Every structure is written in C-alpha cells, then in structure tokens.
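Shown here: final18.cif, mmCIF, C-alpha atoms and all ligand atoms.
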```cif
data_work
loop_
_atom_site.group_PDB
_atom_site.id
_atom_site.type_symbol
_atom_site.label_atom_id
_atom_site.label_comp_id
_atom_site.auth_asym_id
_atom_site.auth_seq_id
_atom_site.Cartn_x
_atom_site.Cartn_y
_atom_site.Cartn_z
ATOM 1 C CA MET A 118 31.925 -0.347 -6.328
ATOM 2 C CA VAL A 119 30.967 -1.462 -9.853
ATOM 3 C CA GLU A 120 33.200 -2.942 -12.499
ATOM 4 C CA ILE A 121 31.940 -3.763 -15.966
ATOM 5 C CA ARG A 122 34.210 -5.522 -18.438
ATOM 6 C CA LYS A 123 33.682 -6.399 -22.094
ATOM 7 C CA LEU A 124 29.914 -6.205 -21.838
ATOM 8 C CA TRP A 125 27.741 -7.164 -24.813
ATOM 9 C CA SER A 126 23.986 -6.692 -24.995
ATOM 10 C CA VAL A 127 22.406 -8.172 -28.078
ATOM 11 C CA PHE A 128 18.635 -8.240 -28.593
ATOM 12 C CA THR A 129 16.630 -10.220 -31.083
ATOM 13 C CA THR A 130 13.153 -9.187 -32.115
ATOM 14 C CA PRO A 131 11.009 -10.905 -34.787
ATOM 15 C CA GLU A 132 12.336 -8.321 -37.289
ATOM 16 C CA ARG A 133 16.035 -8.147 -36.457
ATOM 17 C CA THR A 134 19.001 -8.775 -34.197
ATOM 18 C CA PHE A 135 20.818 -5.698 -32.929
ATOM 19 C CA THR A 136 23.721 -4.904 -30.622
ATOM 20 C CA VAL A 137 23.201 -2.223 -27.984
ATOM 21 C CA HIS A 138 26.483 -2.619 -26.048
ATOM 22 C CA GLN A 139 29.675 -3.965 -27.568
ATOM 23 C CA ASP A 140 32.802 -4.518 -25.453
ATOM 24 C CA LEU A 141 31.599 -1.845 -23.028
ATOM 25 C CA ASP A 142 33.837 -1.122 -20.021
ATOM 26 C CA LEU A 143 32.844 1.021 -17.038
ATOM 27 C CA THR A 144 34.271 1.427 -13.534
ATOM 28 C CA VAL A 145 32.467 3.269 -10.741
ATOM 29 C CA GLN A 146 34.455 4.167 -7.632
ATOM 30 C CA ARG A 147 33.038 4.297 -4.119
ATOM 31 C CA GLY A 148 31.492 7.664 -3.227
ATOM 32 C CA GLU A 149 31.047 8.879 -6.803
ATOM 33 C CA VAL A 150 27.900 10.253 -8.363
ATOM 34 C CA LEU A 151 28.343 8.911 -11.860
ATOM 35 C CA SER A 152 25.866 10.093 -14.474
ATOM 36 C CA ILE A 153 25.306 8.134 -17.642
ATOM 37 C CA VAL A 154 24.249 10.159 -20.653
ATOM 38 C CA GLY A 155 23.675 9.051 -24.227
ATOM 39 C CA GLY A 156 21.230 9.313 -27.101
ATOM 40 C CA SER A 157 17.871 7.590 -27.122
ATOM 41 C CA GLY A 158 18.205 3.817 -27.385
ATOM 42 C CA THR A 159 21.911 3.689 -26.461
ATOM 43 C CA GLY A 160 21.126 1.253 -23.640
ATOM 44 C CA LYS A 161 21.282 3.400 -20.502
ATOM 45 C CA THR A 162 18.272 1.806 -18.825
ATOM 46 C CA VAL A 163 19.382 -1.664 -19.917
ATOM 47 C CA LEU A 164 22.753 -1.001 -18.255
ATOM 48 C CA LEU A 165 21.113 0.025 -14.956
ATOM 49 C CA ARG A 166 18.934 -3.103 -15.034
ATOM 50 C CA GLN A 167 22.023 -5.240 -15.654
ATOM 51 C CA ILE A 168 23.882 -3.643 -12.699
ATOM 52 C CA LEU A 169 20.840 -4.436 -10.573
ATOM 53 C CA GLY A 170 20.901 -8.039 -11.797
ATOM 54 C CA LEU A 171 17.440 -7.812 -13.399
ATOM 55 C CA GLU A 172 18.828 -8.518 -16.867
ATOM 56 C CA LYS A 173 21.658 -10.757 -17.916
ATOM 57 C CA PRO A 174 24.133 -9.407 -20.485
ATOM 58 C CA SER A 175 24.788 -11.476 -23.610
ATOM 59 C CA LYS A 176 28.498 -11.548 -22.763
ATOM 60 C CA GLY A 177 30.936 -9.953 -20.335
ATOM 61 C CA GLU A 178 31.223 -9.411 -16.621
ATOM 62 C CA ILE A 179 29.577 -7.112 -14.077
ATOM 63 C CA ARG A 180 30.947 -7.025 -10.526
ATOM 64 C CA VAL A 181 29.145 -5.118 -7.789
ATOM 65 C CA LEU A 182 31.028 -4.628 -4.507
ATOM 66 C CA GLY A 183 33.606 -7.100 -5.729
ATOM 67 C CA GLN A 184 31.083 -9.870 -6.445
ATOM 68 C CA PRO A 185 29.724 -11.063 -9.804
ATOM 69 C CA VAL A 186 26.240 -9.544 -9.992
ATOM 70 C CA GLU A 187 24.559 -12.894 -10.643
ATOM 71 C CA GLN A 188 25.799 -14.113 -7.251
ATOM 72 C CA LEU A 189 24.079 -11.323 -5.314
ATOM 73 C CA GLY A 190 20.676 -13.005 -5.423
ATOM 74 C CA ALA A 191 17.400 -11.140 -4.903
ATOM 75 C CA ARG A 192 17.909 -10.757 -1.176
ATOM 76 C CA GLY A 193 21.548 -9.697 -1.402
ATOM 77 C CA ALA A 194 20.743 -7.260 -4.171
ATOM 78 C CA ALA A 195 18.148 -5.311 -2.162
ATOM 79 C CA SER A 196 20.560 -4.701 0.691
ATOM 80 C CA ARG A 197 23.395 -3.684 -1.629
ATOM 81 C CA VAL A 198 21.728 -1.855 -4.471
ATOM 82 C CA GLY A 199 18.718 0.453 -4.244
ATOM 83 C CA MET A 200 16.952 1.444 -7.455
ATOM 84 C CA LEU A 201 14.663 4.336 -8.192
ATOM 85 C CA PHE A 202 12.880 3.477 -11.431
ATOM 86 C CA GLN A 203 11.864 6.220 -13.829
ATOM 87 C CA HIS A 204 8.221 5.327 -13.473
ATOM 88 C CA GLY A 205 8.948 4.228 -9.915
ATOM 89 C CA ALA A 206 5.323 3.566 -9.223
ATOM 90 C CA LEU A 207 4.321 2.707 -5.709
ATOM 91 C CA PHE A 208 1.929 -0.181 -5.127
ATOM 92 C CA SER A 209 -1.380 1.658 -5.433
ATOM 93 C CA ALA A 210 -3.242 -0.570 -2.951
ATOM 94 C CA PHE A 211 -0.642 0.038 -0.222
ATOM 95 C CA SER A 212 -0.255 3.126 1.942
ATOM 96 C CA LEU A 213 2.913 5.164 1.690
ATOM 97 C CA LEU A 214 4.420 3.506 4.782
ATOM 98 C CA GLU A 215 3.431 0.000 3.619
ATOM 99 C CA ASN A 216 5.224 0.718 0.352
ATOM 100 C CA ILE A 217 8.402 1.730 2.176
ATOM 101 C CA MET A 218 8.186 -1.301 4.502
ATOM 102 C CA PHE A 219 7.707 -3.726 1.604
ATOM 103 C CA PRO A 220 11.347 -4.852 1.034
ATOM 104 C CA LEU A 221 11.853 -5.445 4.767
ATOM 105 C CA ARG A 222 8.600 -7.406 5.068
ATOM 106 C CA GLU A 223 9.646 -9.561 2.116
ATOM 107 C CA LEU A 224 12.743 -10.575 4.074
ATOM 108 C CA LYS A 225 10.504 -12.197 6.704
ATOM 109 C CA GLU A 226 13.268 -11.800 9.265
ATOM 110 C CA LEU A 227 12.442 -8.746 11.356
ATOM 111 C CA PRO A 228 9.637 -8.153 13.863
ATOM 112 C CA ALA A 229 6.789 -5.930 12.618
ATOM 113 C CA GLY A 230 7.529 -3.141 15.143
ATOM 114 C CA LEU A 231 11.114 -2.830 14.020
ATOM 115 C CA ILE A 232 10.140 -2.794 10.346
ATOM 116 C CA ARG A 233 7.653 -0.001 11.013
ATOM 117 C CA GLU A 234 10.232 2.001 12.928
ATOM 118 C CA ALA A 235 12.897 1.593 10.231
ATOM 119 C CA ALA A 236 10.423 2.663 7.529
ATOM 120 C CA MET A 237 9.344 5.714 9.562
ATOM 121 C CA VAL A 238 12.988 6.787 9.849
ATOM 122 C CA LYS A 239 13.407 6.572 6.059
ATOM 123 C CA LEU A 240 10.095 8.343 5.474
ATOM 124 C CA GLN A 241 11.344 11.327 7.447
ATOM 125 C CA MET A 242 14.813 11.111 5.963
ATOM 126 C CA VAL A 243 13.348 11.839 2.504
ATOM 127 C CA GLY A 244 11.464 14.872 3.818
ATOM 128 C CA LEU A 245 8.006 13.337 4.261
ATOM 129 C CA LYS A 246 6.033 13.816 7.472
ATOM 130 C CA PRO A 247 4.845 11.131 9.899
ATOM 131 C CA ASP A 248 1.293 12.276 9.061
ATOM 132 C CA ASP A 249 1.864 11.184 5.456
ATOM 133 C CA ALA A 250 2.487 7.559 6.472
ATOM 134 C CA ASP A 251 -1.087 6.371 6.022
ATOM 135 C CA LYS A 252 -1.803 8.295 2.829
ATOM 136 C CA MET A 253 -2.464 6.344 -0.358
ATOM 137 C CA PRO A 254 -0.346 6.912 -3.509
ATOM 138 C CA ALA A 255 -3.335 8.367 -5.384
ATOM 139 C CA ASP A 256 -3.470 11.203 -2.830
ATOM 140 C CA LEU A 257 0.210 12.192 -3.218
ATOM 141 C CA SER A 258 1.911 14.714 -5.520
ATOM 142 C CA GLY A 259 4.528 13.553 -8.039
ATOM 143 C CA GLY A 260 7.291 14.874 -5.791
ATOM 144 C CA MET A 261 5.984 12.971 -2.765
ATOM 145 C CA ILE A 262 5.720 9.748 -4.801
ATOM 146 C CA LYS A 263 9.355 10.114 -5.891
ATOM 147 C CA ARG A 264 10.391 10.682 -2.274
ATOM 148 C CA ALA A 265 8.457 7.640 -1.073
ATOM 149 C CA ALA A 266 9.943 5.478 -3.849
ATOM 150 C CA LEU A 267 13.386 6.736 -2.816
ATOM 151 C CA ALA A 268 12.688 5.850 0.843
ATOM 152 C CA ARG A 269 11.712 2.338 -0.302
ATOM 153 C CA ALA A 270 14.922 2.026 -2.361
ATOM 154 C CA LEU A 271 16.971 3.049 0.699
ATOM 155 C CA VAL A 272 15.109 1.131 3.392
ATOM 156 C CA MET A 273 17.811 -1.558 3.616
ATOM 157 C CA ASP A 274 20.640 1.010 3.632
ATOM 158 C CA PRO A 275 22.285 -0.132 0.388
ATOM 159 C CA PRO A 276 25.686 1.456 -0.296
ATOM 160 C CA LEU A 277 24.835 1.807 -4.011
ATOM 161 C CA LEU A 278 21.852 3.728 -5.383
ATOM 162 C CA LEU A 279 20.727 3.640 -9.029
ATOM 163 C CA LEU A 280 18.528 6.454 -10.334
ATOM 164 C CA ASP A 281 16.751 6.369 -13.703
ATOM 165 C CA GLU A 282 15.750 9.919 -14.701
ATOM 166 C CA PRO A 283 15.163 10.962 -11.064
ATOM 167 C CA THR A 284 13.706 14.389 -11.866
ATOM 168 C CA ALA A 285 11.738 13.537 -15.027
ATOM 169 C CA GLY A 286 8.122 14.638 -14.775
ATOM 170 C CA LEU A 287 8.661 16.895 -11.744
ATOM 171 C CA ASP A 288 7.899 20.617 -11.847
ATOM 172 C CA PRO A 289 10.967 22.886 -11.435
ATOM 173 C CA ASP A 290 10.472 23.455 -7.677
ATOM 174 C CA SER A 291 9.944 19.758 -6.892
ATOM 175 C CA SER A 292 12.888 18.925 -9.118
ATOM 176 C CA ASP A 293 15.181 21.363 -7.252
ATOM 177 C CA GLY A 294 13.987 19.985 -3.911
ATOM 178 C CA PHE A 295 14.607 16.413 -5.008
ATOM 179 C CA VAL A 296 18.119 17.221 -6.241
ATOM 180 C CA THR A 297 18.915 18.919 -2.912
ATOM 181 C CA LEU A 298 17.629 15.841 -1.090
ATOM 182 C CA LEU A 299 19.740 13.506 -3.246
ATOM 183 C CA ARG A 300 22.813 15.629 -2.612
ATOM 184 C CA SER A 301 22.393 15.529 1.166
ATOM 185 C CA LEU A 302 21.598 11.786 1.209
ATOM 186 C CA HIS A 303 24.676 11.108 -0.894
ATOM 187 C CA ARG A 304 26.767 12.991 1.640
ATOM 188 C CA ASP A 305 25.108 11.736 4.845
ATOM 189 C CA MET A 306 24.728 8.070 3.870
ATOM 190 C CA GLN A 307 28.056 7.908 2.033
ATOM 191 C CA LEU A 308 26.223 6.548 -0.968
ATOM 192 C CA THR A 309 27.660 5.735 -4.345
ATOM 193 C CA VAL A 310 25.172 6.837 -6.993
ATOM 194 C CA ILE A 311 24.773 5.873 -10.641
ATOM 195 C CA MET A 312 22.227 8.007 -12.421
ATOM 196 C CA VAL A 313 20.740 8.293 -15.888
ATOM 197 C CA THR A 314 19.502 11.785 -16.685
ATOM 198 C CA HIS A 315 18.833 14.080 -19.627
ATOM 199 C CA ASP A 316 18.320 17.066 -17.367
ATOM 200 C CA LEU A 317 21.314 19.397 -17.411
ATOM 201 C CA ASP A 318 20.557 20.984 -14.021
ATOM 202 C CA THR A 319 20.340 17.586 -12.344
ATOM 203 C CA LEU A 320 23.434 16.446 -14.204
ATOM 204 C CA PHE A 321 25.632 19.374 -13.210
ATOM 205 C CA GLU A 322 24.328 19.750 -9.674
ATOM 206 C CA LEU A 323 25.009 16.153 -8.716
ATOM 207 C CA SER A 324 27.595 14.488 -10.950
ATOM 208 C CA THR A 325 31.178 14.006 -9.856
ATOM 209 C CA ARG A 326 31.750 12.145 -13.136
ATOM 210 C CA ILE A 327 29.890 11.705 -16.398
ATOM 211 C CA ALA A 328 30.051 8.596 -18.580
ATOM 212 C CA VAL A 329 28.921 9.047 -22.171
ATOM 213 C CA LEU A 330 27.372 6.105 -24.027
ATOM 214 C CA ALA A 331 27.816 6.270 -27.798
ATOM 215 C CA ASP A 332 28.894 3.884 -30.531
ATOM 216 C CA ARG A 333 27.729 0.991 -28.288
ATOM 217 C CA ARG A 334 30.281 1.707 -25.545
ATOM 218 C CA VAL A 335 31.429 4.269 -22.972
ATOM 219 C CA ILE A 336 33.414 6.741 -25.048
ATOM 220 C CA VAL A 337 34.483 8.883 -22.074
ATOM 221 C CA ASN A 338 34.125 8.666 -18.272
ATOM 222 C CA ASP A 339 35.550 11.757 -16.629
ATOM 223 C CA SER A 340 34.818 14.989 -14.751
ATOM 224 C CA PRO A 341 32.085 17.190 -16.282
ATOM 225 C CA LYS A 342 34.701 19.673 -17.493
ATOM 226 C CA GLU A 343 36.762 17.006 -19.261
ATOM 227 C CA VAL A 344 33.667 15.395 -20.775
ATOM 228 C CA ILE A 345 32.461 18.654 -22.299
ATOM 229 C CA ALA A 346 35.890 19.141 -23.871
ATOM 230 C CA PHE A 347 35.862 15.615 -25.386
ATOM 231 C CA GLN A 348 35.545 15.602 -29.161
ATOM 232 C CA HIS A 349 32.543 13.544 -30.312
ATOM 233 C CA PRO A 350 29.457 14.516 -32.340
ATOM 234 C CA PHE A 351 27.032 13.382 -29.610
ATOM 235 C CA ILE A 352 28.845 15.399 -26.924
ATOM 236 C CA HIS A 353 28.932 18.412 -29.185
ATOM 237 C CA GLU A 354 25.206 18.183 -29.786
ATOM 238 C CA PHE A 355 24.271 17.340 -26.177
ATOM 239 C CA PHE A 356 26.388 19.938 -24.398
ATOM 240 C CA LEU A 357 27.482 22.459 -26.959
ATOM 241 C CA GLY A 358 24.501 22.773 -29.277
ATOM 242 C CA GLU A 359 21.522 24.873 -28.310
ATOM 243 C CA ARG A 360 21.967 23.854 -24.711
ATOM 244 C CA GLY A 361 25.674 24.686 -24.714
ATOM 245 C CA GLN A 362 25.416 28.123 -23.232
ATOM 246 C CA ARG A 363 23.321 26.786 -20.372
ATOM 247 C CA ALA A 364 25.804 23.926 -19.838
ATOM 248 C CA MET A 365 28.666 26.396 -19.554
ATOM 249 C CA GLU A 366 26.725 28.531 -17.085
ATOM 250 C CA LEU A 367 25.950 25.472 -14.965
ATOM 251 C CA LEU A 368 29.542 24.383 -15.053
ATOM 252 C CA ARG A 369 30.546 27.741 -13.548
ATOM 253 C CA GLU A 370 27.703 27.629 -11.029
ATOM 254 C CA TYR A 371 28.317 24.167 -9.593
ATOM 255 C CA PRO A 372 31.907 23.422 -8.580
ATOM 256 C CA PHE A 373 31.535 19.726 -9.370
ATOM 257 C CA ALA A 374 29.096 18.695 -6.769
ATOM 258 C CA VAL A 375 29.216 17.268 -3.346
HETATM 259 N N1 LIG B 1 14.208 -6.980 -23.740
HETATM 260 C C1 LIG B 1 14.445 -6.304 -24.876
HETATM 261 N N2 LIG B 1 14.182 -6.869 -26.071
HETATM 262 C C2 LIG B 1 14.424 -6.215 -27.234
HETATM 263 N N3 LIG B 1 14.942 -4.976 -27.273
HETATM 264 C C3 LIG B 1 15.216 -4.349 -26.116
HETATM 265 C C4 LIG B 1 14.977 -4.984 -24.854
HETATM 266 N N4 LIG B 1 15.353 -4.128 -23.864
HETATM 267 C C5 LIG B 1 15.802 -3.018 -24.488
HETATM 268 N N5 LIG B 1 15.718 -3.158 -25.820
HETATM 269 C C6 LIG B 1 16.136 -2.150 -26.830
HETATM 270 O O1 LIG B 1 17.460 -1.765 -26.507
HETATM 271 C C7 LIG B 1 17.669 -0.388 -26.807
HETATM 272 C C8 LIG B 1 18.172 0.325 -25.584
HETATM 273 O O2 LIG B 1 17.119 0.495 -24.644
HETATM 274 P P1 LIG B 1 17.219 1.422 -23.370
HETATM 275 O O3 LIG B 1 15.835 1.525 -22.809
HETATM 276 O O4 LIG B 1 18.261 0.958 -22.461
HETATM 277 O O5 LIG B 1 17.655 2.805 -24.010
HETATM 278 P P2 LIG B 1 17.941 4.179 -23.298
HETATM 279 O O6 LIG B 1 19.333 4.558 -23.614
HETATM 280 O O7 LIG B 1 17.574 4.092 -21.856
HETATM 281 O O8 LIG B 1 16.954 5.122 -24.119
HETATM 282 P P3 LIG B 1 16.058 6.389 -23.679
HETATM 283 O O9 LIG B 1 17.008 7.526 -23.416
HETATM 284 O O10 LIG B 1 15.235 6.649 -24.905
HETATM 285 O O11 LIG B 1 15.246 5.995 -22.489
HETATM 286 C C9 LIG B 1 16.329 0.119 -27.330
HETATM 287 O O12 LIG B 1 16.376 0.090 -28.737
HETATM 288 C C10 LIG B 1 15.324 -0.867 -26.798
HETATM 289 O O13 LIG B 1 14.201 -0.934 -27.625
#
```
Let me see whether you can do it: turn the structure in this file into structure tokens.
Ligand SMILES: Nc1ncnc2c1ncn2[C@@H]1O[C@H](COP(=O)(O)OP(=O)(O)OP(=O)(O)O)[C@@H](O)[C@H]1O
Amino acid sequence: MVEIRKLWSVFTTPERTFTVHQDLDLTVQRGEVLSIVGGSGTGKTVLLRQILGLEKPSKGEIRVLGQPVEQLGARGAASRVGMLFQHGALFSAFSLLENIMFPLRELKELPAGLIREAAMVKLQMVGLKPDDADKMPADLSGGMIKRAALARALVMDPPLLLLDEPTAGLDPDSSDGFVTLLRSLHRDMQLTVIMVTHDLDTLFELSTRIAVLADRRVIVNDSPKEVIAFQHPFIHEFFLGERGQRAMELLREYPFAV
C-alpha cells in the first residue's frame, strides 16, 4: 500500500539546517493499521504529509498504491488517500453536510443530488444523524467535529486513511466511541490505516503493527508485542517507564486488534 525507501527530510531555518529523516525505510501492507510513534520532533507529522503528497522529501522515494506519490496529483490523492488532520478543523462557514460534500464538489464531475446523497451516507456511517446535516461547526461537540472530518476524509472511499492524533483533545467517552468507530470502519471498508498517536489506549486497541521513529529512521516495525520487547531507550521510556504497567495491561486486554 505504501513503500518508502531511503527517505531524507532536511529543513533549513534562518538559524540552522537539520535532518529529521535520514535513509528512512517503511513498508505498509494492505489492511494493516500501522501506528507511528516517536518522540516530539521526530518527524511523524512530516511523514504523514509526505505520504499524502503535501510535502516533498529532500531525497528518496514514496510509492502509494504502487505509484510514486508525486504522480497522484491532487485529484488522484483525494480518492486514494483520506487524511484526518490533528486539528482537522471544518470550514466554519459551511454546514456539516457542506463540509463533507466539499471534496466531491471540488471534482466538478457529479450532479448535486448524487453528491448530497453520497455525503449523507458518509454522515450516517460515522454515527452522525441526518438531523445534524445542517448544523454549523460552532454548534458541534469535539467528538462530532472529529466524526464529520472523518466523513469528509472518507467521502471518496479512499483505500488508505491517515490519522494524525485521532483521539487527541477528546474526553474519555468520546475517545472510546471514536476508536470503536475507527475499528468498525477499518473492518467494513477494508481500509489500510496509518496513524500517529501518543495515546496508549488508541494505540493498543487499533494497531496491528507499530513503527517506532527514533534516530531519524524507523528503528522497528512489528507487532505491538515485538515492539515492546525491542531494546531502545525511547521504547523503554515510552512503553516500559511509568506507563509500562498500563501498556502491559492493554497488551493483555486487546489481542492485537481487528
Ligand atoms: N516546513 C518546515 N520547516 C522547518 N522545520 C520544519 C518544517 N516542518 C517540520 N519542521 C520541523 O521538523 C521536526 C519534525 O516535525 P513534526 O511535526 O513532524 O514532528 P512530530 O514527530 O510530529 O512531533 P510532535 O509529536 O511533537 O507533534 C520539528 O522539529 C519541526 O519543527
């Protein structure tokens, strides 16, 4: 589904030049829920943006569904890759349904009635009600906004979904509900998911594999159990420090997702 080879990301600011990714390799197979974890500033969000084609790496190759990402084009990208941004704000001047319809309207190919129908299907698929369609973003809870942004990301039925901190900022109940929704969509739509998360519950409930970013590359990409056993200071701190006990409990609780 995604193949990344020898990726370099180098940034230059007025103060300095620094390397975020160096010879990074990552493969994501169809049907996986791959979670990317890593310390702050290790380039997780940059990597998602590169897979989406929003940012060009300094060097290296990214193939999505067998094609170099730069050949997908804006239109191709929306139908192949859906993205839920961390601050996945909806357009505040548009109603919830208008937000979900937006990518299809941009295509300028489908009749208005069909676009409306397709967006209504997605609205209900993410657990919102038809009555919510005309509500404005300012009138929605954080959980409803996330669901609407997810419906918009999925409106063109992309086979690949990217999630940046999908449960950040949600209260525990909304977070649990959103994780349950993601799990059933992954199963029902046969999605491949790449997710960045710091939240251990989200990580263990959904991930079939975990890729750890450290030392400017992916140091391990394996099942949660194997990753926890991998010897590296970041992994030790992330999984086996204060949060270790909880990680072990979760590992017992969730038999590796989906
Ligand atoms: N366009 C850019 N120009 C300069 N530096 C950038 C640019 N984009 C990202 N960076 C830097 O690259 C590093 C990686 O950023 P990124 O947002 O991907 O980190 P992250 O792993 O997602 O971190 P966090 O977990 O804190 O969100 C950061 O130091 C960031 O400041």
Just want the 7 Å neighbourhood of segment 250-255 of chain A, counted on all atoms listed in the file, with same-chain residues fewer than 2 positions away dropped. Output as a PyMOL selection string. chain A and resi 207+209+211-214+247-248+257+262
Give one line per residue of chain A that approaches ligand LIG 1 (chain B) to at most 7 Å, naming the two atoms of the closest pair and their distance in Å to one decimal, counting only C-alpha atoms and all ligand atoms; sort by chain then ascending residue number and deliver it as CSV.
```
residue,atom,partner,partner_atom,distance
A:Phe128,CA,B:LIG1,C2,4.9
A:Thr129,CA,B:LIG1,C2,6.0
A:Thr130,CA,B:LIG1,C2,5.9
A:Val137,CA,B:LIG1,O1,5.9
A:Gly155,CA,B:LIG1,O6,6.3
A:Gly156,CA,B:LIG1,O9,5.9
A:Ser157,CA,B:LIG1,O10,3.6
A:Gly158,CA,B:LIG1,O5,3.6
A:Thr159,CA,B:LIG1,O6,3.9
A:Gly160,CA,B:LIG1,O4,3.1
A:Lys161,CA,B:LIG1,O6,3.9
A:Thr162,CA,B:LIG1,O4,3.7
A:Val163,CA,B:LIG1,O4,3.8
A:Leu164,CA,B:LIG1,O4,6.5
```
Which residues are close to Ile121 of chain A, i.e. within 8 Å by only C-alpha atoms, leaving aside same-chain residues fewer than 2 positions away? Reply as a list of chain:residue names.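 Contacts, with the query itself left out: A:Val119, A:Lys123, A:Leu124, A:Leu141, A:Asp142, A:Leu143, A:Thr144, A:Gly177, A:Glu178, A:Ile179, A:Arg180.
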Point-to-point distance in Å for atom CA of Lys246 of chain A and atom CA of Leu201 of chain A: 20.2 Å
Which residues come within 6 Å of segment 304-313 of chain A, counting only C-alpha atoms, excluding same-chain residues fewer than 2 positions away, as a list in words? Arg147, Gly148, Glu149, Val150, Leu151, Ser152, Ile153, Pro276, Leu277, Leu278, Leu279, Leu280, Asp281, Glu282, Ser301 and Leu302 of chain A
Mind completing segment 122-142 of chain A with N, CA and C atoms? Output as an mmCIF file, keeping the file's coordinate frame, please?
```cif
data_model
loop_
_atom_site.group_PDB
_atom_site.id
_atom_site.type_symbol
_atom_site.label_atom_id
_atom_site.label_comp_id
_atom_site.auth_asym_id
_atom_site.auth_seq_id
_atom_site.Cartn_x
_atom_site.Cartn_y
_atom_site.Cartn_z
ATOM 1 N N ARG A 122 33.147 -5.199 -17.477
ATOM 2 C CA ARG A 122 34.210 -5.522 -18.438
ATOM 3 C C ARG A 122 33.645 -6.246 -19.647
ATOM 4 N N LYS A 123 33.981 -5.724 -20.811
ATOM 5 C CA LYS A 123 33.682 -6.399 -22.094
ATOM 6 C C LYS A 123 32.223 -6.820 -22.197
ATOM 7 N N LEU A 124 31.337 -5.906 -21.860
ATOM 8 C CA LEU A 124 29.914 -6.205 -21.838
ATOM 9 C C LEU A 124 29.291 -6.131 -23.242
ATOM 10 N N TRP A 125 28.521 -7.147 -23.567
ATOM 11 C CA TRP A 125 27.741 -7.164 -24.813
ATOM 12 C C TRP A 125 26.268 -7.320 -24.477
ATOM 13 N N SER A 126 25.429 -6.511 -25.104
ATOM 14 C CA SER A 126 23.986 -6.692 -24.995
ATOM 15 C C SER A 126 23.416 -6.776 -26.396
ATOM 16 N N VAL A 127 22.941 -7.942 -26.734
ATOM 17 C CA VAL A 127 22.406 -8.172 -28.078
ATOM 18 C C VAL A 127 20.944 -8.580 -27.934
ATOM 19 N N PHE A 128 20.063 -7.915 -28.668
ATOM 20 C CA PHE A 128 18.635 -8.240 -28.593
ATOM 21 C C PHE A 128 18.153 -8.762 -29.938
ATOM 22 N N THR A 129 17.235 -9.695 -29.866
ATOM 23 C CA THR A 129 16.630 -10.220 -31.083
ATOM 24 C C THR A 129 15.129 -10.004 -31.012
ATOM 25 N N THR A 130 14.603 -9.350 -32.012
ATOM 26 C CA THR A 130 13.153 -9.187 -32.115
ATOM 27 C C THR A 130 12.722 -9.978 -33.362
ATOM 28 N N PRO A 131 11.420 -10.157 -33.578
ATOM 29 C CA PRO A 131 11.009 -10.905 -34.787
ATOM 30 C C PRO A 131 11.591 -10.294 -36.063
ATOM 31 N N GLU A 132 11.845 -8.976 -36.063
ATOM 32 C CA GLU A 132 12.336 -8.321 -37.289
ATOM 33 C C GLU A 132 13.840 -8.376 -37.448
ATOM 34 N N ARG A 133 14.582 -8.301 -36.307
ATOM 35 C CA ARG A 133 16.035 -8.147 -36.457
ATOM 36 C C ARG A 133 16.789 -8.499 -35.174
ATOM 37 N N THR A 134 18.104 -8.627 -35.348
ATOM 38 C CA THR A 134 19.001 -8.775 -34.197
ATOM 39 C C THR A 134 19.867 -7.536 -34.155
ATOM 40 N N PHE A 135 19.985 -6.899 -32.980
ATOM 41 C CA PHE A 135 20.818 -5.698 -32.929
ATOM 42 C C PHE A 135 21.622 -5.648 -31.631
ATOM 43 N N THR A 136 22.773 -4.981 -31.733
ATOM 44 C CA THR A 136 23.721 -4.904 -30.622
ATOM 45 C C THR A 136 23.624 -3.527 -29.986
ATOM 46 N N VAL A 137 23.333 -3.497 -28.701
ATOM 47 C CA VAL A 137 23.201 -2.223 -27.984
ATOM 48 C C VAL A 137 24.532 -1.864 -27.303
ATOM 49 N N HIS A 138 25.161 -2.844 -26.657
ATOM 50 C CA HIS A 138 26.483 -2.619 -26.048
ATOM 51 C C HIS A 138 27.473 -3.604 -26.669
ATOM 52 N N GLN A 139 28.662 -3.106 -26.961
ATOM 53 C CA GLN A 139 29.675 -3.965 -27.568
ATOM 54 C C GLN A 139 31.017 -3.692 -26.898
ATOM 55 N N ASP A 140 31.518 -4.674 -26.149
ATOM 56 C CA ASP A 140 32.802 -4.518 -25.453
ATOM 57 C C ASP A 140 32.817 -3.274 -24.565
ATOM 58 N N LEU A 141 31.712 -3.052 -23.876
ATOM 59 C CA LEU A 141 31.599 -1.845 -23.028
ATOM 60 C C LEU A 141 32.320 -2.063 -21.696
ATOM 61 N N ASP A 142 33.151 -1.106 -21.322
ATOM 62 C CA ASP A 142 33.837 -1.122 -20.021
ATOM 63 C C ASP A 142 33.385 0.090 -19.216
#
```
